[in-house]
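structure-v4.csv, holding CSV, C-alpha atoms:
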```
chain,number,residue,atom,x,y,z
A,1263,MET,CA,10.1,47.0,30.0
A,1264,ALA,CA,13.5,45.8,28.7
A,1265,ARG,CA,12.3,42.2,29.1
A,1266,TRP,CA,9.1,42.9,27.2
A,1267,ALA,CA,11.0,44.6,24.4
A,1268,PHE,CA,13.4,41.6,24.2
A,1269,ALA,CA,10.4,39.2,24.0
A,1270,CYS,CA,9.0,41.3,21.2
A,1271,LEU,CA,12.3,41.3,19.4
A,1272,VAL,CA,12.6,37.6,19.6
A,1273,ALA,CA,9.1,37.1,18.4
A,1274,LEU,CA,9.8,39.4,15.5
A,1275,LEU,CA,13.0,37.6,14.6
A,1276,LEU,CA,11.2,34.3,14.7
A,1277,LEU,CA,8.5,35.6,12.4
A,1278,VAL,CA,10.7,37.5,9.9
A,1279,GLY,CA,13.7,35.3,10.2
A,1280,GLY,CA,11.9,32.1,9.1
A,1281,CYS,CA,12.1,30.3,12.4
A,1282,ALA,CA,11.6,26.6,12.0
A,1283,SER,CA,7.9,25.7,12.4
A,1284,PRO,CA,6.2,22.4,12.9
A,1285,VAL,CA,5.3,20.0,10.1
A,1286,ALA,CA,4.1,16.4,10.0
A,1287,VAL,CA,4.6,14.0,7.1
A,1288,ALA,CA,3.4,10.4,6.7
A,1289,THR,CA,3.6,7.4,4.4
A,1290,PHE,CA,0.8,4.9,4.1
A,1291,ASN,CA,0.5,1.8,1.8
A,1292,ILE,CA,-3.3,1.3,1.6
A,1293,ARG,CA,-3.6,-2.3,0.3
A,1294,PHE,CA,-5.0,-2.4,-3.3
A,1295,PHE,CA,-7.2,0.6,-2.5
A,1296,PRO,CA,-10.1,-0.2,-2.6
A,1297,GLU,CA,-10.4,-3.9,-2.1
A,1298,PRO,CA,-13.9,-5.3,-1.9
A,1299,THR,CA,-13.6,-5.4,1.9
A,1300,THR,CA,-12.0,-2.0,2.3
A,1301,ASP,CA,-13.9,0.3,4.7
A,1302,ARG,CA,-13.3,3.6,2.9
A,1303,GLY,CA,-14.6,5.7,5.8
A,1304,LEU,CA,-12.1,4.0,8.1
A,1305,VAL,CA,-9.3,4.7,5.6
A,1306,ALA,CA,-10.3,8.3,5.6
A,1307,GLU,CA,-10.2,8.3,9.4
A,1308,ARG,CA,-6.8,6.7,9.5
A,1309,LEU,CA,-5.4,9.4,7.1
A,1310,VAL,CA,-6.8,12.1,9.2
A,1311,GLN,CA,-5.4,10.5,12.3
A,1312,THR,CA,-1.9,10.9,10.9
A,1313,GLY,CA,-2.2,14.6,11.5
A,1314,ALA,CA,0.1,15.0,8.5
A,1315,SER,CA,-0.3,17.7,5.9
A,1316,ALA,CA,1.7,15.7,3.3
A,1317,ILE,CA,1.3,12.0,2.9
A,1318,ALA,CA,3.0,9.5,0.5
A,1319,VAL,CA,0.5,6.8,-0.5
A,1320,GLN,CA,1.0,3.6,-2.3
A,1321,GLU,CA,-1.2,0.8,-3.9
A,1322,ILE,CA,-3.9,3.0,-5.4
A,1323,THR,CA,-5.9,0.9,-7.9
A,1324,ASP,CA,-8.8,3.4,-8.4
A,1325,GLY,CA,-8.0,7.1,-8.6
A,1326,ALA,CA,-11.7,8.2,-8.6
A,1327,ALA,CA,-12.4,6.1,-5.5
A,1328,PHE,CA,-9.3,7.6,-3.8
A,1329,GLU,CA,-10.4,11.1,-4.6
A,1330,ALA,CA,-13.9,10.4,-3.1
A,1331,MET,CA,-12.2,9.0,0.1
A,1332,LEU,CA,-10.1,12.1,0.3
A,1333,ALA,CA,-13.2,14.3,0.1
A,1334,ASP,CA,-14.6,12.4,3.0
A,1335,ALA,CA,-11.3,12.8,4.9
A,1336,SER,CA,-11.4,16.6,4.2
A,1337,SER,CA,-15.0,16.8,5.6
A,1338,ARG,CA,-14.0,14.9,8.7
A,1339,SER,CA,-10.9,17.1,9.4
A,1340,GLY,CA,-11.4,20.6,8.1
A,1341,ARG,CA,-8.3,20.0,5.9
A,1342,ASP,CA,-8.5,20.3,2.1
A,1343,TYR,CA,-6.8,17.1,1.0
A,1344,ARG,CA,-5.6,16.9,-2.6
A,1345,LEU,CA,-4.0,14.1,-4.5
A,1346,VAL,CA,-1.1,14.0,-6.9
A,1347,LEU,CA,-1.9,10.7,-8.6
A,1348,GLY,CA,0.9,8.7,-10.0
A,1349,PRO,CA,1.1,7.3,-13.5
A,1350,CYS,CA,0.6,3.8,-15.0
A,1351,LEU,CA,-2.8,3.1,-13.5
A,1352,ASP,CA,-4.1,1.9,-16.8
A,1353,ALA,CA,-1.2,-0.4,-17.4
A,1354,SER,CA,-0.3,-1.7,-14.0
A,1355,ARG,CA,-3.6,-1.1,-12.0
A,1356,LEU,CA,-1.4,0.0,-9.1
A,1357,THR,CA,0.2,3.4,-8.5
A,1358,THR,CA,1.6,5.7,-6.0
A,1359,GLY,CA,0.6,9.2,-5.0
A,1360,VAL,CA,1.1,12.2,-2.8
A,1361,VAL,CA,-1.7,13.6,-0.7
A,1362,TYR,CA,-1.3,17.2,0.6
A,1363,ASP,CA,-3.5,19.6,2.5
A,1364,ALA,CA,-4.2,22.6,0.2
A,1365,ASN,CA,-4.9,24.7,3.3
A,1366,ALA,CA,-1.3,24.2,4.3
A,1367,TRP,CA,0.6,23.8,1.0
A,1368,ARG,CA,0.5,25.0,-2.6
A,1369,LEU,CA,1.6,22.4,-5.2
A,1370,LEU,CA,4.6,23.9,-6.9
A,1371,HIS,CA,5.5,21.0,-9.1
A,1372,SER,CA,4.7,17.4,-9.6
A,1373,GLU,CA,6.5,14.7,-11.6
A,1374,HIS,CA,5.9,11.1,-12.5
A,1375,TYR,CA,8.6,8.4,-12.7
A,1376,LYS,CA,7.2,5.5,-14.7
A,1377,GLN,CA,10.1,3.3,-13.7
A,1378,LEU,CA,12.7,3.6,-11.1
A,1379,ARG,CA,15.6,2.0,-12.9
A,1380,LYS,CA,16.9,3.3,-16.2
A,1381,GLY,CA,16.4,0.9,-19.0
A,1382,GLU,CA,13.3,-0.6,-17.6
A,1383,PRO,CA,10.1,-0.3,-19.6
A,1384,ALA,CA,7.8,2.6,-18.7
A,1385,CYS,CA,4.8,1.3,-16.7
A,1386,GLY,CA,6.3,-2.2,-16.7
A,1387,ASP,CA,6.3,-4.5,-13.8
A,1388,GLU,CA,8.0,-2.0,-11.5
A,1389,MET,CA,5.8,0.4,-9.5
A,1390,PRO,CA,6.0,4.0,-10.5
A,1391,ALA,CA,7.0,6.8,-8.2
A,1392,THR,CA,5.4,10.2,-7.7
A,1393,LEU,CA,7.0,13.5,-6.8
A,1394,ALA,CA,5.3,16.6,-5.3
A,1395,VAL,CA,7.1,19.8,-4.4
A,1396,LEU,CA,5.0,21.8,-1.9
A,1397,ASP,CA,5.5,25.4,-0.8
A,1398,ASP,CA,3.7,27.5,1.8
A,1399,GLY,CA,5.4,30.8,1.0
A,1400,ARG,CA,8.0,30.4,3.7
A,1401,ARG,CA,8.9,26.7,3.5
A,1402,ARG,CA,9.3,24.2,0.7
A,1403,ILE,CA,9.2,20.5,1.0
A,1404,ALA,CA,9.6,17.8,-1.7
A,1405,LEU,CA,8.0,14.3,-1.3
A,1406,LEU,CA,8.8,11.3,-3.4
A,1407,SER,CA,6.3,8.5,-3.0
A,1408,VAL,CA,7.9,5.1,-3.8
A,1409,HIS,CA,7.0,1.5,-3.9
A,1410,LEU,CA,10.0,-0.8,-4.5
A,1411,GLN,CA,10.0,-4.3,-5.9
A,1412,PRO,CA,8.5,-6.9,-3.6
A,1413,PHE,CA,10.3,-9.3,-1.3
A,1414,PRO,CA,11.8,-11.9,-1.6
A,1415,VAL,CA,12.8,-12.1,-5.3
A,1416,GLY,CA,13.3,-8.5,-5.9
A,1417,PHE,CA,16.5,-7.8,-3.8
A,1418,ASP,CA,18.7,-7.2,-6.9
A,1419,ARG,CA,16.0,-4.9,-8.4
A,1420,ARG,CA,15.6,-3.1,-5.1
A,1421,ARG,CA,19.3,-2.3,-5.0
A,1422,GLY,CA,19.0,-0.6,-8.4
A,1423,GLN,CA,15.8,1.2,-7.3
A,1424,TRP,CA,17.5,2.5,-4.1
A,1425,ARG,CA,20.3,4.0,-6.2
A,1426,ARG,CA,17.7,5.7,-8.5
A,1427,VAL,CA,15.7,7.0,-5.6
A,1428,LEU,CA,18.8,8.7,-4.2
A,1429,ALA,CA,19.7,10.1,-7.6
A,1430,ILE,CA,16.1,11.6,-8.0
A,1431,LEU,CA,16.5,13.2,-4.6
A,1432,ASP,CA,19.8,14.7,-5.6
A,1433,GLU,CA,18.1,16.1,-8.8
A,1434,VAL,CA,15.2,17.5,-6.7
A,1435,ARG,CA,17.5,19.2,-4.2
A,1436,ASP,CA,19.4,20.9,-7.0
A,1437,THR,CA,16.4,21.9,-9.0
A,1438,TRP,CA,13.9,23.0,-6.3
A,1439,THR,CA,16.1,23.8,-3.3
A,1440,PRO,CA,13.6,22.5,-0.8
A,1441,ASP,CA,14.0,22.9,3.0
A,1442,ALA,CA,13.6,19.2,3.2
A,1443,VAL,CA,13.4,16.4,0.7
A,1444,LEU,CA,11.9,13.0,1.5
A,1445,ALA,CA,11.5,9.7,-0.3
A,1446,MET,CA,8.8,7.8,1.6
A,1447,GLY,CA,7.0,4.6,0.9
A,1448,ASP,CA,7.0,0.9,0.8
A,1449,TYR,CA,10.6,-0.2,0.2
A,1450,ASN,CA,9.6,-3.8,0.5
A,1451,SER,CA,12.5,-4.4,2.8
A,1452,THR,CA,11.3,-7.3,4.9
A,1453,GLY,CA,14.9,-8.3,5.0
A,1454,PHE,CA,15.8,-5.1,6.7
A,1455,THR,CA,15.9,-7.0,10.0
A,1456,THR,CA,15.8,-10.7,8.9
A,1457,GLU,CA,16.2,-12.2,5.4
A,1458,PRO,CA,17.9,-11.7,3.0
A,1459,GLY,CA,20.8,-10.9,5.4
A,1460,ALA,CA,22.5,-8.6,3.0
A,1461,GLU,CA,19.6,-6.1,2.7
A,1462,ARG,CA,20.2,-4.1,5.8
A,1463,PRO,CA,23.9,-3.7,5.3
A,1464,PHE,CA,23.2,-2.6,1.7
A,1465,VAL,CA,20.6,0.0,2.8
A,1466,GLU,CA,22.8,1.4,5.5
A,1467,GLY,CA,25.8,1.3,3.3
A,1468,ILE,CA,24.3,3.1,0.4
A,1469,LEU,CA,23.3,6.0,2.7
A,1470,LEU,CA,26.8,6.4,4.0
A,1471,ASP,CA,28.5,9.6,2.8
A,1472,THR,CA,25.3,11.0,1.5
A,1473,PRO,CA,23.2,13.8,2.9
A,1474,TYR,CA,20.4,11.4,3.5
A,1475,ALA,CA,19.2,9.9,6.8
A,1476,LEU,CA,17.0,6.9,7.4
A,1477,PRO,CA,14.9,7.9,10.5
A,1478,THR,CA,12.8,4.8,10.2
A,1479,ARG,CA,15.8,2.5,10.9
A,1480,GLU,CA,14.8,2.0,14.5
A,1481,LEU,CA,11.1,1.2,13.9
A,1482,ASP,CA,9.9,-2.1,15.3
A,1483,CYS,CA,7.4,-2.7,12.5
A,1484,THR,CA,5.3,-1.1,9.9
A,1485,GLU,CA,3.3,-4.0,8.4
A,1486,TYR,CA,1.8,-7.4,9.3
A,1487,TRP,CA,1.7,-10.5,7.2
A,1488,GLN,CA,0.6,-14.1,7.7
A,1489,PRO,CA,3.4,-16.5,6.8
A,1490,ALA,CA,1.6,-19.7,7.7
A,1491,ARG,CA,-1.7,-20.0,6.0
A,1492,PRO,CA,-4.5,-20.2,6.6
A,1493,ARG,CA,-5.1,-19.7,10.3
A,1494,GLY,CA,-1.6,-19.1,11.5
A,1495,PRO,CA,-0.4,-16.1,13.5
A,1496,TYR,CA,0.3,-12.7,11.9
A,1497,GLN,CA,3.9,-11.5,12.1
A,1498,PRO,CA,5.2,-7.9,12.1
A,1499,SER,CA,7.7,-6.8,9.5
A,1500,ILE,CA,9.4,-3.6,8.4
A,1501,LEU,CA,8.6,-2.5,4.9
A,1502,ASP,CA,8.0,1.2,5.0
A,1503,HIS,CA,10.8,3.8,5.3
A,1504,MET,CA,11.5,7.4,5.1
A,1505,VAL,CA,14.7,8.8,3.5
A,1506,VAL,CA,15.3,12.4,4.4
A,1507,SER,CA,17.6,15.3,3.9
A,1508,GLY,CA,17.0,18.7,5.5
A,1509,GLY,CA,14.7,19.8,8.4
A,1510,GLN,CA,14.8,18.7,12.0
A,1511,TRP,CA,12.8,15.5,12.6
A,1512,GLU,CA,11.7,13.5,15.6
A,1513,PRO,CA,11.8,9.7,15.4
A,1514,PRO,CA,8.9,8.4,13.2
A,1515,GLN,CA,6.1,6.3,14.6
A,1516,ALA,CA,4.0,3.5,13.1
A,1517,ILE,CA,0.6,4.2,14.3
A,1518,GLY,CA,-2.8,2.5,14.1
A,1519,MET,CA,-2.7,-1.3,14.0
A,1520,CYS,CA,1.0,-1.5,14.6
A,1521,GLU,CA,0.7,0.7,17.7
A,1522,ARG,CA,-2.2,-1.2,19.1
A,1523,LEU,CA,-0.5,-4.5,18.6
A,1524,ALA,CA,2.8,-3.1,19.9
A,1525,CYS,CA,4.5,-4.8,16.9
A,1526,GLU,CA,4.0,-8.2,18.6
A,1527,PRO,CA,2.8,-11.2,16.6
A,1528,SER,CA,-0.9,-11.6,16.8
A,1529,ALA,CA,-3.0,-14.8,16.9
A,1530,TYR,CA,-5.4,-15.2,14.0
A,1531,GLU,CA,-8.4,-14.8,16.2
A,1532,ALA,CA,-7.1,-11.7,17.8
A,1533,MET,CA,-5.9,-9.8,14.7
A,1534,ASP,CA,-6.7,-6.1,14.6
A,1535,PRO,CA,-9.7,-5.3,12.4
A,1536,ASP,CA,-7.7,-2.7,10.5
A,1537,PHE,CA,-5.9,-5.6,8.8
A,1538,ARG,CA,-9.1,-6.6,7.1
A,1539,LEU,CA,-10.8,-3.2,6.7
A,1540,VAL,CA,-7.9,-0.8,6.0
A,1541,SER,CA,-4.5,-2.3,5.1
A,1542,ASP,CA,-1.8,-4.7,6.0
A,1543,HIS,CA,0.4,-1.7,6.4
A,1544,CYS,CA,0.3,1.0,9.1
A,1545,PRO,CA,0.6,4.7,8.6
A,1546,VAL,CA,4.1,5.9,9.5
A,1547,VAL,CA,4.2,9.5,10.8
A,1548,MET,CA,7.1,11.8,11.4
A,1549,HIS,CA,6.9,15.2,13.1
A,1550,GLY,CA,9.5,17.8,12.5
A,1551,ARG,CA,10.4,21.5,12.0
A,1552,LEU,CA,11.3,23.3,8.8
B,1206,MET,CA,-23.1,-24.5,-6.5
B,1207,GLY,CA,-22.1,-21.9,-3.8
B,1208,ILE,CA,-18.6,-20.6,-4.1
B,1209,LEU,CA,-16.3,-21.6,-7.0
B,1210,ILE,CA,-12.6,-21.5,-6.1
B,1211,VAL,CA,-10.2,-21.6,-9.1
B,1212,ASP,CA,-6.5,-21.9,-8.2
B,1213,ASP,CA,-3.8,-24.2,-9.4
B,1214,GLU,CA,-2.2,-24.3,-5.9
B,1215,GLN,CA,-3.5,-27.4,-4.3
B,1216,ASP,CA,-2.8,-26.2,-0.7
B,1217,MET,CA,-4.6,-23.0,-1.4
B,1218,ARG,CA,-7.7,-24.7,-2.9
B,1219,GLU,CA,-7.9,-27.2,0.0
B,1220,SER,CA,-7.4,-24.5,2.6
B,1221,LEU,CA,-10.1,-22.3,1.1
B,1222,GLU,CA,-12.5,-25.2,0.6
B,1223,GLU,CA,-12.2,-26.3,4.2
B,1224,PHE,CA,-12.5,-22.8,5.5
B,1225,PHE,CA,-15.6,-21.9,3.6
B,1226,ALA,CA,-17.2,-25.3,4.2
B,1227,ASP,CA,-16.7,-24.7,7.9
B,1228,GLU,CA,-18.4,-21.3,7.5
B,1229,GLY,CA,-21.4,-23.1,6.0
B,1230,TYR,CA,-20.9,-22.6,2.3
B,1231,GLU,CA,-21.2,-25.0,-0.5
B,1232,VAL,CA,-17.9,-25.0,-2.3
B,1233,ARG,CA,-16.6,-26.3,-5.6
B,1234,THR,CA,-13.0,-26.1,-6.7
B,1235,ALA,CA,-11.1,-26.2,-10.0
B,1236,GLU,CA,-7.4,-26.5,-10.5
B,1237,ASP,CA,-7.4,-24.5,-13.7
B,1238,GLY,CA,-9.6,-22.4,-15.9
B,1239,ALA,CA,-10.6,-25.2,-18.2
B,1240,VAL,CA,-12.1,-27.2,-15.3
B,1241,ALA,CA,-13.7,-24.0,-14.0
B,1242,MET,CA,-15.4,-23.5,-17.4
B,1243,GLU,CA,-16.8,-27.0,-17.3
B,1244,LEU,CA,-18.3,-26.4,-13.9
B,1245,LEU,CA,-19.7,-23.1,-15.0
B,1246,ASP,CA,-21.4,-24.9,-17.9
B,1247,GLY,CA,-23.3,-27.0,-15.4
B,1248,PRO,CA,-26.9,-26.4,-14.3
B,1249,GLU,CA,-26.1,-24.4,-11.2
B,1250,LEU,CA,-24.2,-21.1,-11.2
B,1251,PRO,CA,-21.9,-20.1,-8.3
B,1252,CYS,CA,-22.7,-17.1,-6.2
B,1253,ILE,CA,-19.1,-15.9,-6.6
B,1254,VAL,CA,-15.9,-17.1,-8.4
B,1255,ILE,CA,-12.7,-16.6,-6.5
B,1256,LEU,CA,-10.2,-16.6,-9.3
B,1257,ASP,CA,-6.4,-16.9,-9.5
B,1258,LEU,CA,-4.8,-15.4,-12.6
B,1259,MET,CA,-1.7,-17.4,-13.2
B,1260,MET,CA,-2.8,-21.0,-14.0
B,1261,PRO,CA,-2.0,-23.7,-16.6
B,1262,VAL,CA,-4.3,-24.8,-19.4
B,1263,LEU,CA,-6.6,-21.8,-19.2
B,1264,ASP,CA,-5.5,-18.8,-17.1
B,1265,GLY,CA,-7.7,-16.5,-15.1
B,1266,ASN,CA,-7.8,-13.7,-17.8
B,1267,GLU,CA,-9.2,-16.2,-20.3
B,1268,VAL,CA,-11.8,-17.4,-17.9
B,1269,ILE,CA,-12.9,-13.8,-17.3
B,1270,ASP,CA,-13.0,-13.2,-21.1
B,1271,ARG,CA,-15.2,-16.3,-21.7
B,1272,MET,CA,-17.5,-15.4,-18.8
B,1273,ARG,CA,-18.0,-11.9,-20.1
B,1274,GLN,CA,-18.8,-13.2,-23.5
B,1275,SER,CA,-21.5,-15.5,-22.1
B,1276,GLU,CA,-24.9,-14.0,-21.5
B,1277,ARG,CA,-25.4,-16.6,-18.8
B,1278,LEU,CA,-22.2,-16.0,-17.0
B,1279,ALA,CA,-21.6,-12.3,-17.5
B,1280,THR,CA,-23.2,-11.3,-14.3
B,1281,VAL,CA,-21.6,-13.9,-12.0
B,1282,PRO,CA,-19.5,-12.0,-9.5
B,1283,ILE,CA,-15.7,-12.5,-9.7
B,1284,ILE,CA,-13.0,-11.7,-7.2
B,1285,VAL,CA,-9.4,-11.9,-8.6
B,1286,THR,CA,-6.8,-12.8,-6.1
B,1287,THR,CA,-3.3,-11.8,-7.2
B,1288,SER,CA,0.0,-10.3,-6.1
B,1289,ASP,CA,0.5,-8.8,-9.5
B,1290,PRO,CA,-2.4,-6.5,-10.4
B,1291,SER,CA,-0.8,-5.5,-13.7
B,1292,ARG,CA,-2.0,-8.9,-15.1
B,1293,ALA,CA,-5.6,-8.3,-14.0
B,1294,PRO,CA,-8.3,-6.9,-16.3
B,1295,ARG,CA,-10.0,-3.6,-15.4
B,1296,GLY,CA,-13.4,-3.6,-13.8
B,1297,ILE,CA,-12.9,-6.7,-11.7
B,1298,PRO,CA,-12.5,-6.4,-7.9
B,1299,LEU,CA,-9.0,-7.3,-6.8
B,1300,MET,CA,-7.7,-8.8,-3.5
B,1301,LYS,CA,-4.1,-8.9,-2.7
B,1302,LYS,CA,-2.3,-12.3,-2.2
B,1303,PRO,CA,-1.4,-13.8,0.2
B,1304,MET,CA,-5.0,-14.1,1.0
B,1305,ASP,CA,-6.3,-13.5,4.5
B,1306,LEU,CA,-9.3,-15.6,5.2
B,1307,ARG,CA,-11.3,-13.0,7.1
B,1308,ARG,CA,-10.9,-10.5,4.2
B,1309,LEU,CA,-12.0,-13.1,1.7
B,1310,LEU,CA,-14.9,-14.2,3.9
B,1311,SER,CA,-16.1,-10.5,4.1
B,1312,ALA,CA,-15.9,-10.2,0.4
B,1313,VAL,CA,-17.8,-13.5,-0.2
B,1314,GLN,CA,-20.5,-12.5,2.3
B,1315,GLN,CA,-21.4,-9.5,0.1
B,1316,HIS,CA,-22.6,-12.0,-2.6
B,1317,CYS,CA,-23.3,-15.3,-1.0
B,1318,CYS,CA,-25.6,-16.5,1.8
B,1319,GLY,CA,-24.0,-19.3,3.7
B,1320,ARG,CA,-26.2,-22.1,5.2
B,1321,ALA,CA,-26.0,-22.7,8.9
B,1322,PRO,CA,-23.0,-25.0,9.7
B,1323,ASP,CA,-23.9,-28.5,10.8
```
Hey, can you dump this file as structure tokens for me?
Amino acid sequence: MARWAFACLVALLLLVGGCASPVAVATFNIRFFPEPTTDRGLVAERLVQTGASAIAVQEITDGAAFEAMLADASSRSGRDYRLVLGPCLDASRLTTGVVYDANAWRLLHSEHYKQLRKGEPACGDEMPATLAVLDDGRRRIALLSVHLQPFPVGFDRRRGQWRRVLAILDEVRDTWTPDAVLAMGDYNSTGFTTEPGAERPFVEGILLDTPYALPTRELDCTEYWQPARPRGPYQPSILDHMVVSGGQWEPPQAIGMCERLACEPSAYEAMDPDFRLVSDHCPVVMHGRL
Amino acid sequence: MGILIVDDEQDMRESLEEFFADEGYEVRTAEDGAVAMELLDGPELPCIVILDLMMPVLDGNEVIDRMRQSERLATVPIIVTTSDPSRAPRGIPLMKKPMDLRRLLSAVQQHCCGRAPD
């Protein structure tokens, strides 16, 4: 009897006391969505396969097409995917966004950042960022979807953008007091493991003495590219990252094509079909508790 | 005419020309927009134009403008290949550079019928 009463008490405490409960987040750069060769049904399937209720997305070129793909993803999954579409689509033809499951979250606030460095023109040649603050009545999470300046010429710009991303996260933590705040996306940090050599020390250095962790630092790859055209092998690289404060998180995983290829180089003839039909990037998923 | 490839990078033009020829397509190439417009003024129209944006003499955007203004050329399919979509006009399909041949082939197959390779 005492054991049963204790179990009930624990269950009650967990319920009332806001015990950490599971959550999954993801980031996914869906190359120029939709390209003429994009298989939109397969993209929907890949989004569903993340199992995430909040997903940072990058490289949207057509908001209406993306919404239609999300409706398909919702019908495949029983989720109710909604999109917070980023700004600048008219000007830059490429934007970021945050996808969330309205069955799991209520959108509390969204915000657009038309440039990531102060002094840069709005909707100029830097990709915009998109913030969504989500709440389920017990937990609150803030997601910033980012797409930094491309490799290899943009290292100086990326340094400025990293600083701005962290400053935005600070502001969001102060304003919205979320249980977790994350900046996820394509940081274009090919040099994170190779060239330019100063990029990895910079990224790790800027996070020192901050409340932010980089759980993606140990990933083997998140993207594939083809350095030797036209029939050369495809090489893995690391472009996508998650910067996080708050919550308890397991190590993230790059799934899909990256998982199937085990982050090994691939011969031209053996390349995974997702590269052609979905994206050069892989979804990166992180499970945790809030 | 088959496929018209317009790109100022010689390596890119030659690689694409060789690849699509191997796939059984007739291919013409142009090193800038002005040469492309000369070819488009010829008797045969391409089944698709694969168009770079940043080119000397006449850039990709000017080629698109001129094609849209021409009754004869307005319906010729175009695919813009670029790493900077902010320079691309709306309403034209985009493919991200660096180009992957399989992706490009899939896009071309939506508009062009290749002949059987010799």
Exercise. Hey, which of A:Phe1328, A:Tyr1343, A:Tyr1486, A:Phe1294 ends up closest to chain B? Count only C-alpha atoms.
Worked result: A:Phe1294
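Taking CA of Leu1356 (chain A) and CA of Met1389 (chain A) as endpoints, the distance between them is 7.2 Å.
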Problem set entry | Best match for closeness to Ile1403 (chain A) among A:Tyr1530, A:Phe1454, A:Trp1438, A:Tyr1375, counting all atoms listed in the file |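 For Ile1403 (chain A), the nearest of the given residues is A:Trp1438.
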For this session: Identify all chain A residues at most 6 Å from chain B by counting all atoms listed in the file; ligands do not count. Present them as a list in words.
Result: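 Residues passing the distance filter: Glu1297, Pro1298, Thr1299, Ser1354, Arg1355 and Arg1538 of chain A.
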With C-alpha atoms retained, write the just-selected residues as a PDB file, in the coordinates of the input.
```pdb
ATOM      1  CA  GLU A1297     -10.400  -3.900  -2.100  1.00  0.00           C
ATOM      2  CA  PRO A1298     -13.900  -5.300  -1.900  1.00  0.00           C
ATOM      3  CA  THR A1299     -13.600  -5.400   1.900  1.00  0.00           C
ATOM      4  CA  SER A1354      -0.300  -1.700 -14.000  1.00  0.00           C
ATOM      5  CA  ARG A1355      -3.600  -1.100 -12.000  1.00  0.00           C
ATOM      6  CA  ARG A1538      -9.100  -6.600   7.100  1.00  0.00           C
TER       7      ARG A1538
END
```
Exercise. Near Ile1322 (chain A), counting only C-alpha atoms, which residues have an atom at most 9 Å away, once you skip same-chain residues fewer than 5 positions from it, shown as JSON, numbers by chain?
Worked result: {"A": [1291, 1292, 1293, 1294, 1295, 1296, 1328, 1347, 1348, 1351, 1355, 1356, 1357, 1358, 1359]}
Exercise. In Å, with one decimal, what is the gap from CA of Asp1352 (chain A) to CA of Glu1388 (chain A)?
Worked result: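 Going from CA of Asp1352 (chain A) over to CA of Glu1388 (chain A) covers 13.8 Å.
Here CA of Val1346 (chain A) and CA of Arg1421 (chain A) stand 26.2 Å from one another.
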Return as lines of an AutoDock Vina configuration file the centre and edge lengths, in Å with one decimal, of the box along x, y and z that encloses every atom of region 1368-1382 of chain A in the file, padded by 4 Å per side.
```
center_x = 8.7
center_y = 12.2
center_z = -10.8
size_x = 24.4
size_y = 33.6
size_z = 24.4
```
For this session: Might you pull out every residue within 12 Å of Val1268 (chain B), with only C-alpha atoms counted and same-chain residues fewer than 4 positions away left off, and present them as a PyMOL selection string?
Result: chain B and resi 1211-1212+1235+1237-1245+1254-1264+1272-1275+1278-1279+1281+1283+1285+1293-1294
For this session: May I have the protein, DNA and RNA residues with an atom at most 8 Å from (6.0, 4.3, 8.1), counting all atoms listed in the file in the file's coordinates, returned as a list of chain:residue names?
Result: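 It turns out the residues near that spot are A:Ala1288, A:Thr1289, A:Phe1290, A:Met1446, A:Gly1447, A:Thr1478, A:Thr1484, A:Leu1501, A:Asp1502, A:His1503, A:Met1504, A:Pro1514, A:Gln1515, A:Ala1516, A:Cys1544, A:Pro1545, A:Val1546, A:Val1547.
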Problem set entry | Shell around Thr1234 (chain B) at 7 Å using only C-alpha atoms, local window under 6 positions removed, as a ChimeraX atom specification | /B:1209-1211,1218
Write a file for region 1240-1266 of chain B, containing C-alpha atoms (output as a compact mmCIF listing (two decimals), in the first residue's frame).
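The file below, part22.txt, is the result:
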```
# COMPACT_ATOMS: atom_id res chain seq x y z
CA VAL B 1240 26.01 34.52 -78.67
CA ALA B 1241 22.98 32.77 -77.16
CA MET B 1242 20.61 35.34 -78.71
CA GLU B 1243 22.25 34.81 -82.12
CA LEU B 1244 21.64 31.08 -81.84
CA LEU B 1245 18.07 31.67 -80.69
CA ASP B 1246 17.48 33.82 -83.78
CA GLY B 1247 18.29 30.78 -85.94
CA PRO B 1248 15.67 28.53 -87.55
CA GLU B 1249 15.61 25.88 -84.81
CA LEU B 1250 14.54 26.49 -81.24
CA PRO B 1251 16.09 24.59 -78.32
CA CYS B 1252 13.94 22.32 -76.18
CA ILE B 1253 15.47 24.03 -73.13
CA VAL B 1254 17.99 26.76 -72.28
CA ILE B 1255 20.34 26.10 -69.37
CA LEU B 1256 21.32 29.60 -68.43
CA ASP B 1257 24.02 31.04 -66.18
CA LEU B 1258 23.30 34.51 -64.82
CA MET B 1259 26.67 36.17 -64.37
CA MET B 1260 28.18 36.51 -67.85
CA PRO B 1261 30.01 39.19 -69.83
CA VAL B 1262 28.58 41.08 -72.82
CA LEU B 1263 24.96 40.13 -72.17
CA ASP B 1264 24.09 38.54 -68.82
CA GLY B 1265 21.47 35.91 -68.07
CA ASN B 1266 18.84 38.36 -66.87
```
